[in-house]
>>> print(open('protein_9.txt').read())   # compact mmCIF, C-alpha atoms
# COMPACT_ATOMS: atom_id res chain seq x y z
CA MET A 950 -9.31 -21.00 -5.76
CA LYS A 951 -10.05 -21.49 -2.11
CA LYS A 952 -11.17 -18.60 0.02
CA ILE A 953 -8.20 -16.74 1.45
CA ILE A 954 -7.75 -17.55 5.13
CA LEU A 955 -4.01 -17.73 5.82
CA ILE A 956 -2.29 -14.66 7.24
CA PHE A 957 1.49 -14.35 7.45
CA PHE A 958 3.20 -13.79 10.80
CA ILE A 959 0.23 -12.85 12.96
CA CYS A 960 -3.33 -13.97 13.45
CA LEU A 961 -5.47 -10.85 13.59
CA SER A 962 -8.08 -11.66 16.20
CA SER A 963 -10.47 -9.01 14.89
CA PHE A 964 -10.73 -10.92 11.61
CA ILE A 965 -11.97 -13.95 13.53
CA TYR A 966 -13.77 -12.65 16.59
CA GLY A 967 -15.21 -9.40 15.27
CA ILE A 968 -14.08 -5.90 14.50
CA ASN A 969 -12.27 -3.89 17.17
CA GLU A 970 -13.38 -0.32 16.54
CA GLU A 971 -10.14 1.02 18.03
CA ARG A 972 -8.02 -0.89 15.50
CA ALA A 973 -7.70 -0.35 11.78
CA TYR A 974 -5.86 -2.17 9.03
CA ILE A 975 -4.02 -0.16 6.39
CA SER A 976 -2.84 -2.05 3.32
CA SER A 977 -0.66 -1.51 0.27
CA PHE A 978 -1.19 -3.76 -2.75
CA ASN A 979 0.32 -3.97 -6.22
CA ALA A 980 -2.80 -5.09 -8.07
CA LEU A 981 -1.01 -6.04 -11.31
CA HIS A 982 -2.57 -4.16 -14.22
CA LEU A 983 -5.91 -3.58 -12.52
CA GLY A 984 -8.45 -2.70 -15.17
CA GLU A 985 -6.92 -4.60 -18.06
CA ALA A 986 -5.58 -7.94 -16.81
CA LYS A 987 -7.93 -10.88 -16.19
CA LYS A 988 -9.08 -10.67 -12.57
CA ASP A 989 -11.13 -12.82 -10.23
CA TYR A 990 -12.87 -9.91 -8.52
CA LYS A 991 -14.75 -12.19 -6.15
CA GLU A 992 -11.46 -13.61 -4.91
CA LEU A 993 -10.00 -10.12 -4.64
CA CYS A 994 -12.95 -9.21 -2.41
CA ASN A 995 -12.25 -12.17 -0.14
CA ILE A 996 -8.82 -10.66 0.43
CA LEU A 997 -9.41 -6.92 0.52
CA ILE A 998 -12.43 -7.11 2.82
CA LEU A 999 -9.90 -7.74 5.61
CA PHE A 1000 -8.67 -4.15 5.39
CA ASP A 1001 -10.17 -0.76 6.15
CA ILE A 1002 -8.18 1.10 3.49
CA VAL A 1003 -6.04 -0.18 0.63
CA GLY A 1004 -3.52 1.77 -1.43
CA LEU A 1005 -3.36 0.31 -4.93
CA GLU A 1006 -0.43 0.36 -7.33
CA GLU A 1007 -0.45 -0.73 -10.98
CA VAL A 1008 -3.91 0.64 -11.69
CA LEU A 1009 -4.36 0.99 -15.44
CA ASN A 1010 -7.76 2.69 -15.58
CA LYS A 1011 -10.63 4.01 -13.49
CA LYS A 1012 -12.93 1.22 -14.63
CA GLY A 1013 -10.83 -1.39 -12.84
CA VAL A 1014 -11.14 0.46 -9.53
CA GLU A 1015 -14.88 0.98 -10.00
CA THR A 1016 -15.39 -2.71 -10.79
CA LEU A 1017 -13.49 -3.68 -7.66
CA VAL A 1018 -15.47 -1.28 -5.47
CA ASP A 1019 -18.78 -2.46 -6.96
CA GLU A 1020 -17.84 -6.06 -6.24
CA LEU A 1021 -16.81 -5.22 -2.68
CA GLU A 1022 -20.11 -3.48 -2.04
CA LYS A 1023 -22.06 -6.37 -3.50
CA ASN A 1024 -20.27 -8.95 -1.39
CA THR A 1025 -19.92 -7.02 1.88
CA HIS A 1026 -23.28 -5.19 1.81
CA GLU A 1027 -21.57 -1.99 2.90
CA LYS A 1028 -20.45 1.21 1.23
CA TRP A 1029 -16.94 1.52 -0.19
CA SER A 1030 -15.40 4.60 -1.80
CA TYR A 1031 -12.32 5.29 -3.87
CA HIS A 1032 -9.93 8.03 -4.92
CA ILE A 1033 -7.73 7.74 -7.99
CA SER A 1034 -4.82 9.97 -8.96
CA PRO A 1035 -5.85 12.63 -11.49
CA TYR A 1036 -3.57 11.26 -14.19
CA PRO A 1037 -1.24 8.28 -14.74
CA VAL A 1038 2.54 8.47 -14.39
CA GLY A 1039 5.39 6.57 -16.00
CA THR A 1040 7.03 6.53 -19.41
CA LYS A 1041 5.67 7.34 -22.86
CA LYS A 1042 5.18 3.62 -23.46
CA TYR A 1043 3.62 2.71 -20.12
CA LYS A 1044 1.78 4.68 -17.45
CA GLU A 1045 -0.32 3.75 -14.43
CA TYR A 1046 -2.49 5.38 -11.77
CA TYR A 1047 -2.41 5.18 -8.00
CA ALA A 1048 -5.69 4.63 -6.16
CA PHE A 1049 -7.14 4.22 -2.69
CA ILE A 1050 -10.23 2.23 -1.73
CA TRP A 1051 -11.81 2.25 1.73
CA LYS A 1052 -14.77 1.31 3.91
CA ASP A 1053 -16.98 4.36 4.35
CA LYS A 1054 -18.14 3.39 7.82
CA LYS A 1055 -14.54 3.34 9.06
CA VAL A 1056 -12.48 5.73 6.95
CA LYS A 1057 -12.92 9.40 6.05
CA PHE A 1058 -11.21 10.87 3.01
CA LEU A 1059 -9.89 14.34 3.85
CA LYS A 1060 -8.08 15.65 0.77
CA PRO A 1061 -5.56 14.74 -1.92
CA ARG A 1062 -1.95 15.85 -1.43
CA GLY A 1063 -1.02 15.20 -5.03
CA PHE A 1064 2.18 13.93 -6.59
CA TYR A 1065 5.67 14.42 -5.27
CA LYS A 1066 7.13 17.35 -7.22
CA ASP A 1067 9.94 15.52 -8.95
CA SER A 1068 11.80 18.43 -10.52
CA ASP A 1069 15.03 16.41 -10.66
CA ASP A 1070 13.35 13.41 -12.33
CA LEU A 1071 14.34 11.04 -9.52
CA PHE A 1072 11.39 8.65 -9.94
CA ILE A 1073 9.96 6.88 -12.98
CA ARG A 1074 6.52 7.15 -11.35
CA GLU A 1075 6.19 10.06 -8.95
CA PRO A 1076 4.77 9.02 -5.54
CA TYR A 1077 1.23 10.17 -4.77
CA GLY A 1078 -0.34 11.05 -1.41
CA ALA A 1079 -3.73 11.75 0.18
CA ASP A 1080 -5.02 12.51 3.69
CA PHE A 1081 -7.38 10.21 5.58
CA LYS A 1082 -8.85 9.89 9.05
CA ILE A 1083 -9.87 6.73 10.89
CA GLY A 1084 -11.39 7.36 14.29
CA GLU A 1085 -9.13 9.96 15.90
CA PHE A 1086 -6.12 9.04 13.77
CA ASP A 1087 -5.43 11.23 10.75
CA PHE A 1088 -2.54 10.57 8.39
CA THR A 1089 -1.07 11.10 4.95
CA PHE A 1090 -0.90 7.89 2.93
CA VAL A 1091 1.76 7.99 0.21
CA LEU A 1092 2.00 5.35 -2.53
CA ILE A 1093 4.91 4.48 -4.78
CA HIS A 1094 5.60 1.93 -7.49
CA ALA A 1095 9.34 2.06 -7.99
CA ILE A 1096 11.28 1.41 -11.16
CA TYR A 1097 12.32 -2.12 -12.04
CA GLY A 1098 14.58 -1.09 -14.87
CA LYS A 1099 17.40 -2.91 -16.59
CA SER A 1100 19.62 -3.18 -13.53
CA LYS A 1101 19.41 -3.29 -9.74
CA SER A 1102 21.40 -0.06 -9.58
CA GLN A 1103 18.43 1.85 -11.02
CA ARG A 1104 16.22 0.54 -8.21
CA ILE A 1105 18.80 1.44 -5.60
CA ALA A 1106 19.09 4.95 -7.03
CA GLU A 1107 15.34 5.54 -6.63
CA ALA A 1108 15.30 4.10 -3.11
CA MET A 1109 18.10 6.41 -2.05
CA ASN A 1110 15.77 9.37 -2.63
CA LEU A 1111 12.84 8.13 -0.55
CA ASP A 1112 13.87 10.39 2.32
CA LYS A 1113 13.12 13.33 0.02
CA VAL A 1114 9.62 11.95 -0.57
CA TYR A 1115 9.05 11.62 3.16
CA ASP A 1116 10.30 15.18 3.80
CA TYR A 1117 8.18 16.59 0.98
CA PHE A 1118 4.91 15.25 2.39
CA GLN A 1119 5.98 15.81 6.00
CA ASN A 1120 6.66 19.48 5.32
CA MET A 1121 3.34 20.14 3.58
CA ASP A 1122 1.47 20.58 6.86
CA LYS A 1123 3.13 21.35 10.20
CA ASN A 1124 0.06 19.98 11.99
CA GLU A 1125 0.09 16.59 10.24
CA ASN A 1126 3.10 14.47 11.10
CA ASP A 1127 1.83 10.96 10.41
CA ILE A 1128 3.24 9.95 7.04
CA ILE A 1129 2.72 6.38 5.88
CA ILE A 1130 4.65 5.35 2.76
CA GLY A 1131 3.55 2.09 1.15
CA GLY A 1132 4.21 0.44 -2.15
CA ASP A 1133 6.15 -1.86 -4.40
CA PHE A 1134 9.81 -0.85 -4.23
CA ASN A 1135 11.14 -3.66 -6.46
CA LEU A 1136 13.92 -3.98 -3.90
CA SER A 1137 14.41 -5.77 -0.61
CA VAL A 1138 14.49 -3.51 2.42
CA ARG A 1139 17.87 -5.09 3.19
CA SER A 1140 19.31 -3.05 0.32
CA GLU A 1141 21.61 -0.12 1.04
CA GLY A 1142 19.24 1.93 -1.09
CA PHE A 1143 16.99 2.39 1.93
CA ASN A 1144 19.75 3.69 4.21
CA ASN A 1145 18.83 7.37 3.83
CA LEU A 1146 15.20 6.70 4.71
CA LEU A 1147 15.90 4.33 7.59
CA ASN A 1148 18.53 6.65 9.07
CA HIS A 1149 16.19 9.66 8.96
CA LYS A 1150 16.03 11.86 12.06
CA ASP A 1151 12.32 10.99 12.42
CA LYS A 1152 13.25 7.36 13.21
CA ILE A 1153 11.60 5.79 10.19
CA ILE A 1154 11.19 2.01 10.21
CA ASN A 1155 10.06 -0.64 7.76
CA CYS A 1156 6.97 -2.41 9.07
CA ILE A 1157 7.25 -5.50 6.87
CA SER A 1158 10.00 -7.94 7.81
CA PRO A 1159 12.79 -8.46 5.27
CA ASN A 1160 12.25 -12.18 5.85
CA MET A 1161 8.74 -12.08 4.36
CA LYS A 1162 8.57 -12.59 0.60
CA THR A 1163 5.86 -10.52 -1.04
CA THR A 1164 5.97 -11.56 -4.70
CA LEU A 1165 4.81 -14.80 -6.30
CA GLY A 1166 6.93 -16.88 -8.62
CA PRO A 1167 5.43 -19.72 -10.71
CA LYS A 1168 6.02 -22.27 -7.93
CA GLU A 1169 6.80 -20.35 -4.73
CA TYR A 1170 7.02 -16.97 -3.06
CA ALA A 1171 9.95 -15.13 -4.58
CA ASN A 1172 11.07 -11.62 -3.52
CA GLN A 1173 10.70 -9.13 -0.68
CA TYR A 1174 9.72 -6.07 -2.73
CA ASP A 1175 6.71 -4.56 -0.91
CA ASN A 1176 6.84 -2.59 2.31
CA ILE A 1177 5.28 0.10 4.50
CA PHE A 1178 7.32 2.78 6.25
CA ILE A 1179 6.30 4.91 9.23
CA SER A 1180 8.00 7.24 11.70
CA GLN A 1181 8.46 5.84 15.20
CA LEU A 1182 8.80 9.41 16.41
CA TYR A 1183 5.36 10.48 15.18
CA THR A 1184 3.21 7.49 14.25
CA LYS A 1185 2.90 5.92 17.67
CA GLU A 1186 -0.54 4.68 16.65
CA TYR A 1187 1.22 1.78 14.92
CA THR A 1188 0.71 -1.24 17.17
CA GLY A 1189 3.70 -3.18 15.89
CA LYS A 1190 1.51 -5.72 14.11
CA SER A 1191 1.95 -6.16 10.39
CA GLY A 1192 2.06 -8.83 7.73
CA GLY A 1193 0.80 -10.01 4.38
CA ILE A 1194 -1.93 -12.23 3.02
CA ASP A 1195 -1.20 -15.59 1.40
CA THR A 1196 -3.13 -15.19 -1.84
CA ALA A 1197 -1.89 -18.41 -3.41
CA ASN A 1198 -2.74 -21.22 -1.00
CA GLY A 1199 -0.16 -23.25 -2.89
CA ASN A 1200 -1.50 -22.41 -6.37
CA TYR A 1201 1.01 -19.73 -7.33
CA LYS A 1202 0.41 -19.85 -11.07
CA LYS A 1203 -3.35 -19.32 -10.69
CA ALA A 1204 -2.92 -16.51 -8.16
CA ARG A 1205 -0.54 -14.69 -10.51
CA GLU A 1206 -3.07 -14.98 -13.32
CA VAL A 1207 -6.27 -13.84 -11.60
CA ILE A 1208 -5.15 -11.87 -8.51
CA SER A 1209 -1.60 -10.49 -8.70
CA ASP A 1210 2.05 -11.43 -8.63
CA HIS A 1211 2.27 -9.49 -5.36
CA ILE A 1212 0.50 -10.02 -2.04
CA PRO A 1213 -1.31 -7.32 -0.06
CA ILE A 1214 0.73 -6.15 2.93
CA PHE A 1215 -0.69 -4.31 5.96
CA ILE A 1216 -0.15 -2.63 9.29
CA GLU A 1217 -2.44 -2.33 12.31
CA VAL A 1218 -2.99 1.06 13.96
CA ASN A 1219 -4.76 2.21 17.11
CA THR A 1220 -7.34 4.81 16.10
CA SER A 1221 -8.60 5.80 19.55
CA LYS A 1222 -6.40 8.90 19.71
CA ASP A 1223 -4.16 11.00 17.53
CA ASP A 1224 -0.79 12.20 18.81
CA ASP A 1225 -0.11 14.97 16.26
>>> encode(input="protein_9.txt", output="structure tokens")
Amino acid sequence: MKKIILIFFICLSSFIYGINEERAYISSFNALHLGEAKKDYKELCNILILFDIVGLEEVLNKKGVETLVDELEKNTHEKWSYHISPYPVGTKKYKEYYAFIWKDKKVKFLKPRGFYKDSDDLFIREPYGADFKIGEFDFTFVLIHAIYGKSKSQRIAEAMNLDKVYDYFQNMDKNENDIIIGGDFNLSVRSEGFNNLLNHKDKIINCISPNMKTTLGPKEYANQYDNIFISQLYTKEYTGKSGGIDTANGNYKKAREVISDHIPIFIEVNTSKDDD
């Protein structure tokens, strides 16, 4: 496959003209069975090097994350670190981990926040969060891989409870108000399932346009399933720039086989000051 160079919606000048130390790129990526599926790790590096921190969904084992980090270090000649959830979540037949990888020179890992306490069994895979700091900007990054299920109604039901996830992590620390929720929701943000989250008193918005398809079919981009949510009230560090990476370059079948059937999505934040 060709080296990844096409970026949806915006051209990030820092990727071309050099890194802006006051800007950071936060990504969410469904890595499709990372650790067990056949992967082109070199090609993955060509993509993920564009970001400062990546939240990974569909991680099947620690070895997959370690292999990815080793490959990133080998190809970028800089230190990368990772954090993986302490155990996998899902059903008896299928479970997966959440993980974060990041550039050490840019990102500081503060502490894990753990899984959403899902006492009412609202989610097939409980969301997982951790605290990070980039420059002066500290935040809680929460990942979720929603149910696909046998019907769309199951996906809508999970999405309707995302406001509870936001409130859970928001209420953990009165001094930390920047909550970033990223993941694969298996549902377009146009769905009524997101109404509770998007009508939250903290003015939560979706950063990824509903017009941008984020999954790969055999011959074209297919669905708008992946997104990142932030609070306009608190996370004013968000610059308004966001998008996704074209991982296929026209070869959708190959990209699905060796990279993922999802694309990495991202937001840009200003890290020069923190408004908490």
>>> atom_distance(input="protein_9.txt", atom1="CA of Leu1017 in chain A", atom2="CA of Tyr990 in chain A")
6.3 Å
>>> closest_residue(input="protein_9.txt", among="A:Leu1071, A:Leu999, A:Val1218, A:Val1014", to="Asn1110 in chain A", atoms="all atoms listed in the file")
A:Leu1071
>>> residues_around(input="protein_9.txt", residues="Ala986 in chain A", least_positions_apart="6", cutoff="12 Å", atoms="all atoms listed in the file", output="list in words")
Ala980, Glu1007, Val1008, Leu1009, Asn1010, Lys1012, Gly1013, Arg1205, Glu1206, Val1207, Ile1208, Ser1209 and Asp1210 of chain A
>>> atom_distance(input="protein_9.txt", atom1="CA of Ile1157 in chain A", atom2="CA of Val1138 in chain A")
8.7 Å
>>> atom_distance(input="protein_9.txt", atom1="CA of Ala1095 in chain A", atom2="CA of Ala973 in chain A")
26.2 Å
>>> closest_residue(input="protein_9.txt", among="A:Tyr1170, A:Tyr1046, A:Tyr1183, A:Tyr1117", to="Phe1086 in chain A", atoms="all atoms listed in the file")
A:Tyr1183
>>> closest_residue(input="protein_9.txt", among="A:Ser977, A:Thr1188, A:Lys1152, A:Asp1112", to="Leu1092 in chain A", atoms="only C-alpha atoms")
A:Ser977
>>> closest_residue(input="protein_9.txt", among="A:Ile1216, A:Ala1171, A:Val1018, A:Ile1093", to="Tyr1047 in chain A", atoms="all atoms listed in the file")
A:Ile1093
>>> closest_residue(input="protein_9.txt", among="A:Asp1127, A:Glu970, A:Glu1022, A:Glu1015", to="Val1091 in chain A", atoms="only C-alpha atoms")
A:Asp1127
>>> closest_residue(input="protein_9.txt", among="A:Glu1186, A:Asp1116, A:Pro1167, A:Gln1181", to="Lys1203 in chain A", atoms="all atoms listed in the file")
A:Pro1167
>>> residues_near_point(input="protein_9.txt", point="(12.3, 3.2, 9.2)", cutoff="7 Å", atoms="all atoms listed in the file", output="PyMOL selection string")
chain A and resi 1146-1147+1152-1155+1178-1180
>>> write_last_selection(input="protein_9.txt", atoms="C-alpha atoms", output="JSON list (two decimals), in the frame of the given file")
[["chain", "number", "residue", "atom", "x", "y", "z"],
["A", 1146, "LEU", "CA", 15.20, 6.70, 4.71],
["A", 1147, "LEU", "CA", 15.90, 4.33, 7.59],
["A", 1152, "LYS", "CA", 13.25, 7.36, 13.21],
["A", 1153, "ILE", "CA", 11.60, 5.79, 10.19],
["A", 1154, "ILE", "CA", 11.19, 2.01, 10.21],
["A", 1155, "ASN", "CA", 10.06, -0.64, 7.76],
["A", 1178, "PHE", "CA", 7.32, 2.78, 6.25],
["A", 1179, "ILE", "CA", 6.30, 4.91, 9.23],
["A", 1180, "SER", "CA", 8.00, 7.24, 11.70]]
>>> residues_around(input="protein_9.txt", residues="Glu1125 in chain A", least_positions_apart="3", cutoff="9 Å", atoms="only C-alpha atoms", output="number ranges by chain")
A: 1087-1089, 1119-1122, 1128, 1225
>>> residues_around(input="protein_9.txt", residues="Asn1200 in chain A", least_positions_apart="4", cutoff="9 Å", atoms="all atoms listed in the file", output="PDB file with C-alpha atoms, in the frame of the given file")
ATOM      1  CA  MET A 950      -9.310 -21.000  -5.760  1.00  0.00           C
ATOM      2  CA  PRO A1167       5.430 -19.720 -10.710  1.00  0.00           C
ATOM      3  CA  LYS A1168       6.020 -22.270  -7.930  1.00  0.00           C
ATOM      4  CA  GLU A1169       6.800 -20.350  -4.730  1.00  0.00           C
ATOM      5  CA  THR A1196      -3.130 -15.190  -1.840  1.00  0.00           C
ATOM      6  CA  ALA A1204      -2.920 -16.510  -8.160  1.00  0.00           C
ATOM      7  CA  ARG A1205      -0.540 -14.690 -10.510  1.00  0.00           C
TER       8      ARG A1205
END
>>> residues_around(input="protein_9.txt", residues="Ser976 in chain A", least_positions_apart="4", cutoff="12 Å", atoms="all atoms listed in the file", output="ChimeraX atom specification")
/A:980,996-1006,1048-1051,1090-1092,1129-1133,1156-1157,1175-1178,1191-1194,1212-1218
>>> residues_near_point(input="protein_9.txt", point="(14.4, -4.0, -9.5)", cutoff="6 Å", atoms="all atoms listed in the file", output="PyMOL selection string")
chain A and resi 1097+1101+1104+1135-1136
>>> axis_aligned_box(input="protein_9.txt", around="range 1022-1028 of chain A", padding_each_side="6 Å", output="AutoDock Vina command-line options")
--center_x -21.6 --center_y -3.9 --center_z -0.3 --size_x 15.4 --size_y 22.2 --size_z 18.4
>>> residues_around(input="protein_9.txt", residues="Lys1041 in chain A", least_positions_apart="4", cutoff="12 Å", atoms="all atoms listed in the file", output="list in words")
Pro1037, Glu1045, Ile1073 and Arg1074 of chain A
>>> decode(input="protein_9.txt", residues="range 979-1037 of chain A", atoms="C-alpha atoms", output="compact mmCIF listing (two decimals), in the first residue's frame")
# COMPACT_ATOMS: atom_id res chain seq x y z
CA ASN A 979 -10.91 0.96 16.22
CA ALA A 980 -7.86 -1.16 15.41
CA LEU A 981 -9.83 -4.29 14.44
CA HIS A 982 -8.65 -7.24 16.54
CA LEU A 983 -5.24 -5.77 17.32
CA GLY A 984 -2.99 -8.57 18.49
CA GLU A 985 -4.59 -11.41 16.57
CA ALA A 986 -5.57 -10.20 13.10
CA LYS A 987 -2.96 -9.88 10.34
CA LYS A 988 -1.55 -6.35 10.51
CA ASP A 989 0.84 -4.26 8.45
CA TYR A 990 2.48 -2.57 11.43
CA LYS A 991 4.70 -0.44 9.23
CA GLU A 992 1.64 0.99 7.50
CA LEU A 993 -0.05 1.50 10.85
CA CYS A 994 2.98 3.54 11.92
CA ASN A 995 2.68 5.74 8.83
CA ILE A 996 -0.80 6.62 10.04
CA LEU A 997 -0.48 6.83 13.82
CA ILE A 998 2.71 8.88 13.79
CA LEU A 999 0.46 11.82 12.86
CA PHE A 1000 -1.06 11.84 16.34
CA ASP A 1001 0.24 12.63 19.81
CA ILE A 1002 -2.09 10.21 21.60
CA VAL A 1003 -4.35 7.46 20.26
CA GLY A 1004 -7.16 5.68 22.07
CA LEU A 1005 -7.48 2.15 20.73
CA GLU A 1006 -10.59 -0.02 20.63
CA GLU A 1007 -10.77 -3.71 19.67
CA VAL A 1008 -7.48 -4.62 21.34
CA LEU A 1009 -7.35 -8.38 21.86
CA ASN A 1010 -4.12 -8.70 23.82
CA LYS A 1011 -1.20 -6.78 25.29
CA LYS A 1012 1.21 -8.20 22.74
CA GLY A 1013 -0.54 -6.37 19.90
CA VAL A 1014 -0.11 -3.02 21.66
CA GLU A 1015 3.52 -3.74 22.49
CA THR A 1016 4.25 -4.72 18.88
CA LEU A 1017 2.68 -1.50 17.65
CA VAL A 1018 4.64 0.63 20.12
CA ASP A 1019 7.90 -1.15 19.26
CA GLU A 1020 7.30 -0.51 15.57
CA LEU A 1021 6.48 3.15 16.21
CA GLU A 1022 9.69 3.61 18.18
CA LYS A 1023 11.74 1.89 15.51
CA ASN A 1024 10.31 4.02 12.72
CA THR A 1025 10.07 7.38 14.51
CA HIS A 1026 13.27 7.14 16.60
CA GLU A 1027 11.41 8.48 19.61
CA LYS A 1028 9.92 7.03 22.77
CA TRP A 1029 6.29 5.90 22.84
CA SER A 1030 4.40 4.53 25.85
CA TYR A 1031 1.12 2.73 26.37
CA HIS A 1032 -1.54 1.98 28.94
CA ILE A 1033 -3.95 -0.92 28.59
CA SER A 1034 -7.09 -1.59 30.60
CA PRO A 1035 -6.46 -4.08 33.43
CA TYR A 1036 -8.83 -6.65 31.97
CA PRO A 1037 -10.96 -7.14 28.84
